>>> print(open('start.cif').read())   # mmCIF, C-alpha atoms
data_final
#
loop_
_atom_site.label_atom_id
_atom_site.label_comp_id
_atom_site.auth_asym_id
_atom_site.auth_seq_id
_atom_site.Cartn_x
_atom_site.Cartn_y
_atom_site.Cartn_z
CA MET A 1 2.80 -2.61 26.64
CA ASP A 2 4.77 0.11 24.86
CA PHE A 3 2.97 2.42 22.46
CA LEU A 4 4.49 1.74 19.04
CA LYS A 5 4.49 3.81 15.88
CA LEU A 6 6.54 4.48 12.76
CA GLY A 7 10.17 4.78 13.89
CA SER A 8 9.85 2.68 17.08
CA LEU A 9 12.72 0.27 17.73
CA GLY A 10 13.58 -2.73 19.90
CA PRO A 11 12.51 -6.21 20.97
CA ILE A 12 8.85 -5.25 21.47
CA VAL A 13 8.73 -4.23 17.80
CA GLU A 14 10.20 -7.65 16.98
CA LEU A 15 7.40 -9.26 19.03
CA LEU A 16 4.87 -7.22 17.05
CA GLN A 17 6.42 -8.24 13.73
CA SER A 18 6.65 -11.89 14.75
CA THR A 19 2.99 -11.96 15.82
CA LEU A 20 1.79 -10.24 12.66
CA LYS A 21 3.91 -12.64 10.59
CA LYS A 22 2.36 -15.64 12.38
CA LEU A 23 -1.08 -14.27 11.51
CA GLY A 24 -0.14 -13.70 7.86
CA PHE A 25 -0.22 -9.89 7.89
CA TYR A 26 3.53 -9.23 7.72
CA GLU A 27 6.04 -10.60 5.23
CA GLY A 28 9.15 -8.55 6.00
CA TYR A 29 12.18 -9.22 8.16
CA ILE A 30 11.86 -9.39 11.93
CA ASP A 31 14.38 -6.63 12.58
CA GLY A 32 12.88 -4.59 15.41
CA ILE A 33 12.44 -1.54 13.17
CA PHE A 34 8.90 -0.17 12.84
CA GLY A 35 9.07 0.84 9.20
CA SER A 36 6.51 1.31 6.45
CA ARG A 37 5.99 -2.45 5.92
CA THR A 38 5.30 -2.97 9.61
CA GLU A 39 2.93 -0.01 9.63
CA SER A 40 1.09 -1.41 6.61
CA ALA A 41 0.74 -4.79 8.35
CA VAL A 42 -0.62 -3.10 11.47
CA ARG A 43 -3.19 -1.22 9.39
CA THR A 44 -4.31 -4.44 7.69
CA PHE A 45 -4.60 -6.20 11.04
CA GLN A 46 -6.61 -3.31 12.48
CA SER A 47 -8.97 -3.36 9.51
CA GLU A 48 -9.49 -7.13 9.73
CA PHE A 49 -10.20 -6.97 13.48
CA GLY A 50 -12.58 -4.01 13.35
CA LEU A 51 -10.20 -1.54 15.01
CA ASN A 52 -9.51 2.09 14.24
CA VAL A 53 -7.09 1.98 11.29
CA ASP A 54 -4.33 4.41 12.24
CA GLY A 55 -1.13 2.34 12.05
CA PHE A 56 -0.39 2.95 15.74
CA VAL A 57 -0.10 0.08 18.21
CA GLY A 58 -1.85 1.25 21.34
CA GLU A 59 -3.89 -0.46 24.02
CA LYS A 60 -6.74 -1.71 21.82
CA THR A 61 -4.44 -3.09 19.13
CA TRP A 62 -2.27 -4.82 21.75
CA ASP A 63 -5.41 -6.29 23.33
CA ALA A 64 -6.44 -7.73 19.95
CA LEU A 65 -2.95 -9.14 19.39
CA SER A 66 -2.41 -10.50 22.91
CA PRO A 67 -4.05 -13.94 22.50
CA TYR A 68 -1.62 -14.71 19.68
CA PHE A 69 1.53 -14.08 21.72
CA ASN A 70 0.16 -15.10 25.14
CA GLY A 71 -1.17 -18.42 23.87
CA TYR A 72 -4.69 -18.22 25.29
CA THR A 73 -7.95 -16.35 24.94
CA THR A 74 -11.15 -15.92 26.93
CA TYR A 75 -14.13 -17.31 25.07
CA THR A 76 -17.87 -17.01 25.74
CA ILE A 77 -19.81 -20.20 25.02
CA ARG A 78 -22.37 -19.88 22.22
CA SER A 79 -25.28 -22.06 21.20
CA GLY A 80 -24.06 -25.18 19.37
CA ASP A 81 -20.53 -25.07 20.82
CA THR A 82 -18.86 -28.32 21.86
CA LEU A 83 -15.39 -28.83 23.25
CA TYR A 84 -14.44 -30.79 20.16
CA LYS A 85 -15.53 -27.92 17.88
CA LEU A 86 -13.68 -25.37 20.01
CA ALA A 87 -10.54 -27.51 20.08
CA SER A 88 -10.65 -27.81 16.28
CA ARG A 89 -11.31 -24.10 15.81
CA PHE A 90 -8.42 -22.98 18.03
CA GLN A 91 -6.07 -25.82 17.01
CA THR A 92 -5.75 -27.13 20.55
CA SER A 93 -6.99 -30.23 22.36
CA VAL A 94 -10.07 -31.05 24.41
CA ASN A 95 -7.77 -32.23 27.18
CA ARG A 96 -6.04 -28.85 27.40
CA ILE A 97 -9.34 -26.97 27.52
CA LEU A 98 -10.61 -29.25 30.29
CA PHE A 99 -7.39 -28.95 32.27
CA HIS A 100 -7.60 -25.16 32.33
CA ASN A 101 -11.33 -25.11 33.07
CA PRO A 102 -11.86 -27.77 35.75
CA ASN A 103 -15.35 -26.52 36.63
CA ILE A 104 -16.99 -27.09 33.25
CA VAL A 105 -19.05 -30.18 32.45
CA PRO A 106 -18.03 -31.34 28.93
CA ASN A 107 -21.53 -32.34 27.80
CA ARG A 108 -23.31 -29.47 29.52
CA LEU A 109 -21.70 -26.28 28.32
CA ARG A 110 -23.72 -23.26 29.34
CA VAL A 111 -24.41 -20.51 26.79
CA GLY A 112 -22.81 -17.31 28.10
CA GLN A 113 -20.24 -19.17 30.21
CA GLU A 114 -16.70 -17.80 29.92
CA ILE A 115 -13.83 -20.25 29.60
CA THR A 116 -10.09 -20.01 28.92
CA ILE A 117 -8.89 -21.65 25.73
CA PRO A 118 -5.14 -22.29 25.46
CA PHE A 119 -3.75 -22.58 21.96
CA GLY A 120 -0.55 -22.17 20.01
CA SER A 121 2.79 -21.51 21.67
CA ILE A 122 4.01 -18.80 24.00
CA VAL A 123 7.81 -18.60 23.97
CA PRO A 124 9.02 -16.95 20.73
CA THR A 125 12.18 -18.28 19.13
CA ASP A 126 12.55 -15.75 16.32
CA ILE A 127 13.06 -12.48 18.24
CA SER A 128 15.50 -10.84 20.65
CA TYR A 129 14.52 -12.02 24.11
CA SER A 130 14.42 -9.07 26.49
CA TYR A 131 13.42 -8.96 30.17
CA ASP A 132 9.94 -7.57 29.40
CA ILE A 133 9.22 -10.39 26.95
CA LEU A 134 10.41 -12.93 29.53
CA GLN A 135 7.99 -11.48 32.09
CA MET A 136 5.12 -11.58 29.58
CA ASN A 137 5.88 -15.24 28.91
CA LEU A 138 6.01 -16.08 32.62
CA ARG A 139 2.62 -14.44 33.23
CA ALA A 140 1.09 -16.31 30.31
CA LEU A 141 2.57 -19.66 31.38
CA THR A 142 1.27 -19.31 34.95
CA THR A 143 -2.18 -18.43 33.61
CA ILE A 144 -2.30 -21.50 31.40
CA TYR A 145 -0.36 -23.80 33.74
CA PRO A 146 -1.43 -22.93 37.31
CA PHE A 147 0.69 -25.75 38.75
CA LEU A 148 3.81 -23.64 38.14
CA GLU A 149 5.24 -21.73 41.10
CA ILE A 150 6.85 -18.41 40.22
CA SER A 151 8.57 -15.95 42.54
CA SER A 152 11.74 -13.84 42.75
CA ILE A 153 15.12 -14.56 44.30
CA GLY A 154 16.04 -10.87 44.35
CA LYS A 155 16.54 -7.78 42.21
CA SER A 156 19.03 -6.70 39.59
CA VAL A 157 20.99 -3.44 39.82
CA LEU A 158 18.16 -1.66 37.96
CA GLY A 159 15.45 -3.26 40.07
CA ASN A 160 14.33 -5.99 37.68
CA ASP A 161 13.10 -9.19 39.32
CA LEU A 162 15.35 -12.23 39.19
CA SER A 163 12.43 -14.56 38.59
CA PHE A 164 12.49 -18.24 39.38
CA VAL A 165 10.08 -20.99 38.38
CA ARG A 166 9.36 -24.33 40.06
CA PHE A 167 7.97 -27.25 38.08
CA GLY A 168 7.10 -30.39 40.01
CA ARG A 169 6.71 -31.35 43.64
CA GLY A 170 9.10 -34.26 44.12
CA ARG A 171 11.99 -34.73 46.55
CA ASN A 172 14.65 -34.87 43.83
CA GLU A 173 15.78 -31.33 43.03
CA VAL A 174 17.34 -29.96 39.85
CA PHE A 175 18.41 -26.37 39.19
CA TYR A 176 18.90 -24.63 35.83
CA ASN A 177 19.79 -21.03 35.06
CA ALA A 178 20.45 -18.97 31.96
CA SER A 179 21.86 -15.63 30.77
CA PHE A 180 24.66 -15.17 33.28
CA HIS A 181 26.40 -13.53 30.32
CA ALA A 182 24.24 -10.90 28.66
CA ASN A 183 25.23 -11.74 25.11
CA GLU A 184 24.23 -15.37 25.73
CA TRP A 185 20.54 -14.40 26.09
CA ILE A 186 19.57 -17.19 23.66
CA THR A 187 20.01 -19.56 26.63
CA SER A 188 16.98 -17.91 28.24
CA VAL A 189 14.90 -18.76 25.18
CA LEU A 190 16.12 -22.35 25.32
CA LEU A 191 15.26 -22.72 29.02
CA MET A 192 11.83 -21.11 28.64
CA LYS A 193 11.00 -23.28 25.62
CA PHE A 194 12.01 -26.34 27.64
CA LEU A 195 9.66 -25.20 30.41
CA GLU A 196 6.79 -24.68 27.96
CA ASP A 197 7.36 -28.10 26.37
CA ILE A 198 7.32 -30.00 29.67
CA CYS A 199 4.21 -28.09 30.79
CA LYS A 200 2.39 -29.15 27.61
CA ALA A 201 3.56 -32.72 28.09
CA TYR A 202 2.31 -32.71 31.68
CA VAL A 203 -1.18 -31.60 30.62
CA ASP A 204 -1.28 -34.04 27.67
CA ASN A 205 0.21 -36.88 29.76
CA THR A 206 2.96 -37.49 27.20
CA SER A 207 6.71 -38.07 27.35
CA VAL A 208 9.73 -35.97 26.43
CA LEU A 209 12.82 -37.87 25.28
CA GLY A 210 11.34 -41.03 26.75
CA TYR A 211 10.58 -39.53 30.18
CA SER A 212 7.03 -39.49 31.49
CA ILE A 213 6.54 -35.86 32.48
CA ARG A 214 3.77 -36.62 34.96
CA ASN A 215 6.05 -39.11 36.66
CA LEU A 216 8.83 -36.51 36.61
CA PHE A 217 6.47 -33.92 38.14
CA GLU A 218 5.59 -36.22 41.04
CA ASN A 219 9.16 -37.25 41.83
CA THR A 220 11.25 -34.20 40.97
CA SER A 221 11.25 -30.45 41.60
CA ILE A 222 12.84 -28.51 38.73
CA TYR A 223 13.90 -24.96 39.59
CA LEU A 224 14.72 -22.48 36.84
CA VAL A 225 16.13 -18.94 36.90
CA PRO A 226 15.71 -18.11 33.22
CA MET A 227 17.47 -14.71 33.22
CA VAL A 228 20.20 -14.14 35.81
CA ASN A 229 21.36 -10.89 34.17
CA PRO A 230 18.25 -9.02 32.93
CA ASP A 231 19.86 -5.57 32.80
CA GLY A 232 22.72 -6.80 30.63
CA VAL A 233 20.34 -8.75 28.40
CA ASN A 234 18.24 -5.62 27.88
CA LEU A 235 21.37 -3.74 26.84
CA VAL A 236 22.45 -6.37 24.31
CA THR A 237 18.98 -6.94 22.83
CA GLY A 238 18.31 -3.22 22.29
CA ALA A 239 15.66 -2.72 24.97
CA TYR A 240 17.51 0.39 26.22
CA PRO A 241 17.47 3.26 23.69
CA VAL A 242 20.90 4.51 22.64
CA ASP A 243 20.15 7.96 24.06
CA SER A 244 19.14 6.59 27.49
CA GLU A 245 21.29 7.20 30.55
CA VAL A 246 21.66 3.45 31.12
CA TYR A 247 23.00 2.87 27.61
CA GLN A 248 25.38 5.82 27.76
CA GLN A 249 26.85 4.75 31.12
CA ALA A 250 27.44 1.26 29.80
CA LEU A 251 29.07 2.74 26.70
CA GLN A 252 31.52 4.65 28.87
CA ILE A 253 32.52 1.40 30.62
CA SER A 254 32.89 -0.39 27.29
CA ASN A 255 35.28 2.31 26.01
CA ASN A 256 37.89 0.75 28.30
CA TYR A 257 37.70 -2.41 26.18
CA PRO A 258 37.86 -1.26 22.53
CA SER A 259 38.37 -4.81 21.23
CA VAL A 260 34.94 -5.88 22.53
CA PRO A 261 32.08 -4.91 20.17
CA PHE A 262 29.41 -2.84 21.92
CA PRO A 263 26.74 -3.69 22.83
CA ARG A 264 26.80 -7.05 21.04
CA GLY A 265 29.85 -8.32 22.94
CA TRP A 266 28.73 -7.17 26.39
CA LYS A 267 28.73 -10.07 28.89
CA ALA A 268 28.60 -8.28 32.24
CA ASN A 269 25.80 -6.84 34.32
CA ILE A 270 24.89 -3.20 33.75
CA GLN A 271 27.73 -2.02 36.02
CA GLY A 272 30.34 -3.98 34.08
CA VAL A 273 30.65 -6.81 36.60
CA ASP A 274 31.12 -10.27 35.08
CA LEU A 275 28.67 -12.31 37.17
CA LYS A 276 30.00 -15.66 36.01
CA ASN A 277 33.58 -14.92 37.04
CA TYR A 278 32.54 -13.06 40.22
CA GLN A 279 34.96 -10.23 39.63
CA PRO A 280 34.48 -7.35 42.13
CA PHE A 281 35.54 -4.72 39.62
CA TYR A 282 34.31 -3.41 36.29
CA LYS A 283 34.86 -5.94 33.58
CA VAL A 284 33.33 -6.55 30.15
CA LEU A 285 35.26 -9.63 29.11
#
>>> encode(input="start.cif", output="structure tokens")
Amino acid sequence: MDFLKLGSLGPIVELLQSTLKKLGFYEGYIDGIFGSRTESAVRTFQSEFGLNVDGFVGEKTWDALSPYFNGYTTYTIRSGDTLYKLASRFQTSVNRILFHNPNIVPNRLRVGQEITIPFGSIVPTDISYSYDILQMNLRALTTIYPFLEISSIGKSVLGNDLSFVRFGRGRNEVFYNASFHANEWITSVLLMKFLEDICKAYVDNTSVLGYSIRNLFENTSIYLVPMVNPDGVNLVTGAYPVDSEVYQQALQISNNYPSVPFPRGWKANIQGVDLKNYQPFYKVL
């Protein structure tokens, strides 16, 4: 994770602000700007969690925050613990704990035994969704839902993985993709939230819109490529600093299209190629 401090910018700062807001430490706007209010919230969080209070977000602070944006934590069983108590404490369900820890015996928890407790949600819907945040979400989802298959169908121009996910093992096959156009990155959030929702429903043996998800899993294979254009998405969401070479090269391309706002209106990949229209020349329309 990036080291963050006063003056840091971008989607990772938004993730920090969103997480601190969820925990009740931050009351400002989620704007991706590490200002004085964000720094104050970080200091309060560090104090509450017994960390060095310096206002910087380094490895130890990220480690303390990670369960709240990854949706799970590692817990060591203590005397008197029961699955019901743990489920109540972490606002999850006994079924989810059992699913992710198949080797534990519910009525014979061993003191000192380490288990994984899933809780909360993973995919954020209140921040700019960059490639790095997508990858964090994919790692968390595969940790909590080991039945997911995740791999790559290739690389982007800048070497970012074009990740794909498979849910289900049936003969019927369905394919979804998102973020062909960079400025339509919200479609990646939608697709990832859909994936998280059906994973939860599979574990809980519930339905979504009247469909039994366990039945769907057995009869259908759903393939998802949640971010077809990660380089362009990073440009639009502010993951590339304005003084970076990548940003400046894209800016030069965009100067040929003064009517298109930059970078907000950028649709193409990082070389200016519109992937959806398959144009073999620079284009930002």
>>> resolve_selection(input="start.cif", expression="the PyMOL selection byres ((chain A and resi 78) around 10)", output="ChimeraX atom specification")
/A:75-77,79-82,109-114
>>> resolve_selection(input="start.cif", expression="the PyMOL selection byres ((chain A and resi 195-207) around 8)", output="mmCIF file with C-alpha atoms, in the frame of the given file")
data_model
loop_
_atom_site.group_PDB
_atom_site.id
_atom_site.type_symbol
_atom_site.label_atom_id
_atom_site.label_comp_id
_atom_site.auth_asym_id
_atom_site.auth_seq_id
_atom_site.Cartn_x
_atom_site.Cartn_y
_atom_site.Cartn_z
ATOM 1 C CA ASN A 95 -7.770 -32.230 27.180
ATOM 2 C CA ARG A 96 -6.040 -28.850 27.400
ATOM 3 C CA PHE A 99 -7.390 -28.950 32.270
ATOM 4 C CA ILE A 122 4.010 -18.800 24.000
ATOM 5 C CA VAL A 123 7.810 -18.600 23.970
ATOM 6 C CA LEU A 141 2.570 -19.660 31.380
ATOM 7 C CA TYR A 145 -0.360 -23.800 33.740
ATOM 8 C CA LEU A 191 15.260 -22.720 29.020
ATOM 9 C CA MET A 192 11.830 -21.110 28.640
ATOM 10 C CA LYS A 193 11.000 -23.280 25.620
ATOM 11 C CA PHE A 194 12.010 -26.340 27.640
ATOM 12 C CA VAL A 208 9.730 -35.970 26.430
ATOM 13 C CA LEU A 209 12.820 -37.870 25.280
ATOM 14 C CA GLY A 210 11.340 -41.030 26.750
ATOM 15 C CA TYR A 211 10.580 -39.530 30.180
ATOM 16 C CA SER A 212 7.030 -39.490 31.490
ATOM 17 C CA ILE A 213 6.540 -35.860 32.480
ATOM 18 C CA ARG A 214 3.770 -36.620 34.960
ATOM 19 C CA PHE A 217 6.470 -33.920 38.140
#
>>> closest_residue(input="start.cif", among="A:Ile127, A:Ser88, A:Phe164, A:Leu138", to="Tyr29 of chain A", atoms="all atoms listed in the file")
A:Ile127
>>> residues_around(input="start.cif", residues="Asp31 of chain A", least_positions_apart="5", cutoff="12 Å", atoms="all atoms listed in the file", output="list in words")
Ser8, Leu9, Gly10, Pro11, Ile12, Val13, Glu14, Leu15, Leu16, Gln17, Ser18, Arg37, Thr38, Asp126, Ile127, Ser128, Thr237 and Gly238 of chain A
>>> atom_distance(input="start.cif", atom1="atom CA of Asp54 of chain A", atom2="atom CA of Lys21 of chain A")
19.0 Å
>>> atom_distance(input="start.cif", atom1="atom CA of Phe69 of chain A", atom2="atom CA of Glu149 of chain A")
21.2 Å
>>> atom_distance(input="start.cif", atom1="atom CA of Leu51 of chain A", atom2="atom CA of Leu134 of chain A")
27.7 Å
>>> residues_around(input="start.cif", residues="Lys155 of chain A", least_positions_apart="5", cutoff="12 Å", atoms="all atoms listed in the file", output="VMD selection string")
chain A and resid 160 to 164 227 to 231
>>> resolve_selection(input="start.cif", expression="the PyMOL selection byres ((chain A and resi 236) around 9)", output="PyMOL selection string")
chain A and resi 130+182-183+185+231-235+237-240+262-267
>>> closest_residue(input="start.cif", among="A:Tyr223, A:Tyr72, A:Phe49, A:Tyr247", to="Asn137 of chain A", atoms="all atoms listed in the file")
A:Tyr72
>>> residues_around(input="start.cif", residues="Glu48 of chain A", least_positions_apart="4", cutoff="12 Å", atoms="only C-alpha atoms", output="MDAnalysis selection string")
chainID A and resid 23:25 41:44 52:53 61 64:65
>>> closest_residue(input="start.cif", among="A:Gln135, A:Asp2, A:Tyr129, A:Thr116", to="Glu59 of chain A", atoms="only C-alpha atoms")
A:Asp2
>>> residues_around(input="start.cif", residues="segment 56-58 of chain A", least_positions_apart="6", cutoff="8 Å", atoms="only C-alpha atoms", output="PDB file with C-alpha atoms, keeping the file's coordinate frame")
ATOM      1  CA  ASP A   2       4.770   0.110  24.860  1.00  0.00           C
ATOM      2  CA  PHE A   3       2.970   2.420  22.460  1.00  0.00           C
ATOM      3  CA  LEU A   4       4.490   1.740  19.040  1.00  0.00           C
ATOM      4  CA  LYS A   5       4.490   3.810  15.880  1.00  0.00           C
ATOM      5  CA  LEU A   6       6.540   4.480  12.760  1.00  0.00           C
ATOM      6  CA  GLU A  39       2.930  -0.010   9.630  1.00  0.00           C
ATOM      7  CA  VAL A  42      -0.620  -3.100  11.470  1.00  0.00           C
TER       8      VAL A  42
END
>>> residues_around(input="start.cif", residues="segment 168-176 of chain A", least_positions_apart="4", cutoff="7 Å", atoms="all atoms listed in the file", output="ChimeraX atom specification")
/A:217-225
>>> axis_aligned_box(input="start.cif", around="segment 260-264 of chain A", padding_each_side="3 Å", output="lines of an AutoDock Vina configuration file")
center_x = 30.8
center_y = -4.9
center_z = 21.5
size_x = 14.2
size_y = 10.2
size_z = 8.7
>>> build_atoms(input="start.cif", residues="segment 61-74 of chain A", atoms="N, CA and C atoms", output="PDB file, in the coordinates of the input")
ATOM      1  N   THR A  61      -5.106  -2.211  20.091  1.00  0.00           N
ATOM      2  CA  THR A  61      -4.440  -3.090  19.130  1.00  0.00           C
ATOM      3  C   THR A  61      -3.652  -4.175  19.861  1.00  0.00           C
ATOM      4  N   TRP A  62      -2.972  -3.805  20.954  1.00  0.00           N
ATOM      5  CA  TRP A  62      -2.270  -4.820  21.750  1.00  0.00           C
ATOM      6  C   TRP A  62      -3.252  -5.836  22.317  1.00  0.00           C
ATOM      7  N   ASP A  63      -4.414  -5.366  22.783  1.00  0.00           N
ATOM      8  CA  ASP A  63      -5.410  -6.290  23.330  1.00  0.00           C
ATOM      9  C   ASP A  63      -5.861  -7.307  22.278  1.00  0.00           C
ATOM     10  N   ALA A  64      -6.022  -6.830  21.030  1.00  0.00           N
ATOM     11  CA  ALA A  64      -6.440  -7.730  19.950  1.00  0.00           C
ATOM     12  C   ALA A  64      -5.333  -8.716  19.588  1.00  0.00           C
ATOM     13  N   LEU A  65      -4.088  -8.288  19.737  1.00  0.00           N
ATOM     14  CA  LEU A  65      -2.950  -9.140  19.390  1.00  0.00           C
ATOM     15  C   LEU A  65      -2.594 -10.128  20.512  1.00  0.00           C
ATOM     16  N   SER A  66      -2.930  -9.772  21.749  1.00  0.00           N
ATOM     17  CA  SER A  66      -2.410 -10.500  22.910  1.00  0.00           C
ATOM     18  C   SER A  66      -2.684 -12.006  22.915  1.00  0.00           C
ATOM     19  N   PRO A  67      -3.871 -12.486  22.479  1.00  0.00           N
ATOM     20  CA  PRO A  67      -4.050 -13.940  22.500  1.00  0.00           C
ATOM     21  C   PRO A  67      -3.028 -14.691  21.652  1.00  0.00           C
ATOM     22  N   TYR A  68      -2.498 -14.033  20.627  1.00  0.00           N
ATOM     23  CA  TYR A  68      -1.620 -14.710  19.680  1.00  0.00           C
ATOM     24  C   TYR A  68      -0.163 -14.747  20.145  1.00  0.00           C
ATOM     25  N   PHE A  69       0.201 -13.916  21.143  1.00  0.00           N
ATOM     26  CA  PHE A  69       1.530 -14.080  21.720  1.00  0.00           C
ATOM     27  C   PHE A  69       1.486 -14.573  23.170  1.00  0.00           C
ATOM     28  N   ASN A  70       0.301 -14.537  23.794  1.00  0.00           N
ATOM     29  CA  ASN A  70       0.160 -15.100  25.140  1.00  0.00           C
ATOM     30  C   ASN A  70      -0.310 -16.543  25.125  1.00  0.00           C
ATOM     31  N   GLY A  71      -0.820 -17.007  23.985  1.00  0.00           N
ATOM     32  CA  GLY A  71      -1.170 -18.420  23.870  1.00  0.00           C
ATOM     33  C   GLY A  71      -2.498 -18.815  24.476  1.00  0.00           C
ATOM     34  N   TYR A  72      -3.360 -17.864  24.771  1.00  0.00           N
ATOM     35  CA  TYR A  72      -4.690 -18.220  25.290  1.00  0.00           C
ATOM     36  C   TYR A  72      -5.647 -17.055  25.045  1.00  0.00           C
ATOM     37  N   THR A  73      -6.924 -17.380  25.081  1.00  0.00           N
ATOM     38  CA  THR A  73      -7.950 -16.350  24.940  1.00  0.00           C
ATOM     39  C   THR A  73      -9.129 -16.701  25.841  1.00  0.00           C
ATOM     40  N   THR A  74      -9.907 -15.704  26.184  1.00  0.00           N
ATOM     41  CA  THR A  74     -11.150 -15.920  26.930  1.00  0.00           C
ATOM     42  C   THR A  74     -12.287 -16.008  25.928  1.00  0.00           C
TER      43      THR A  74
END
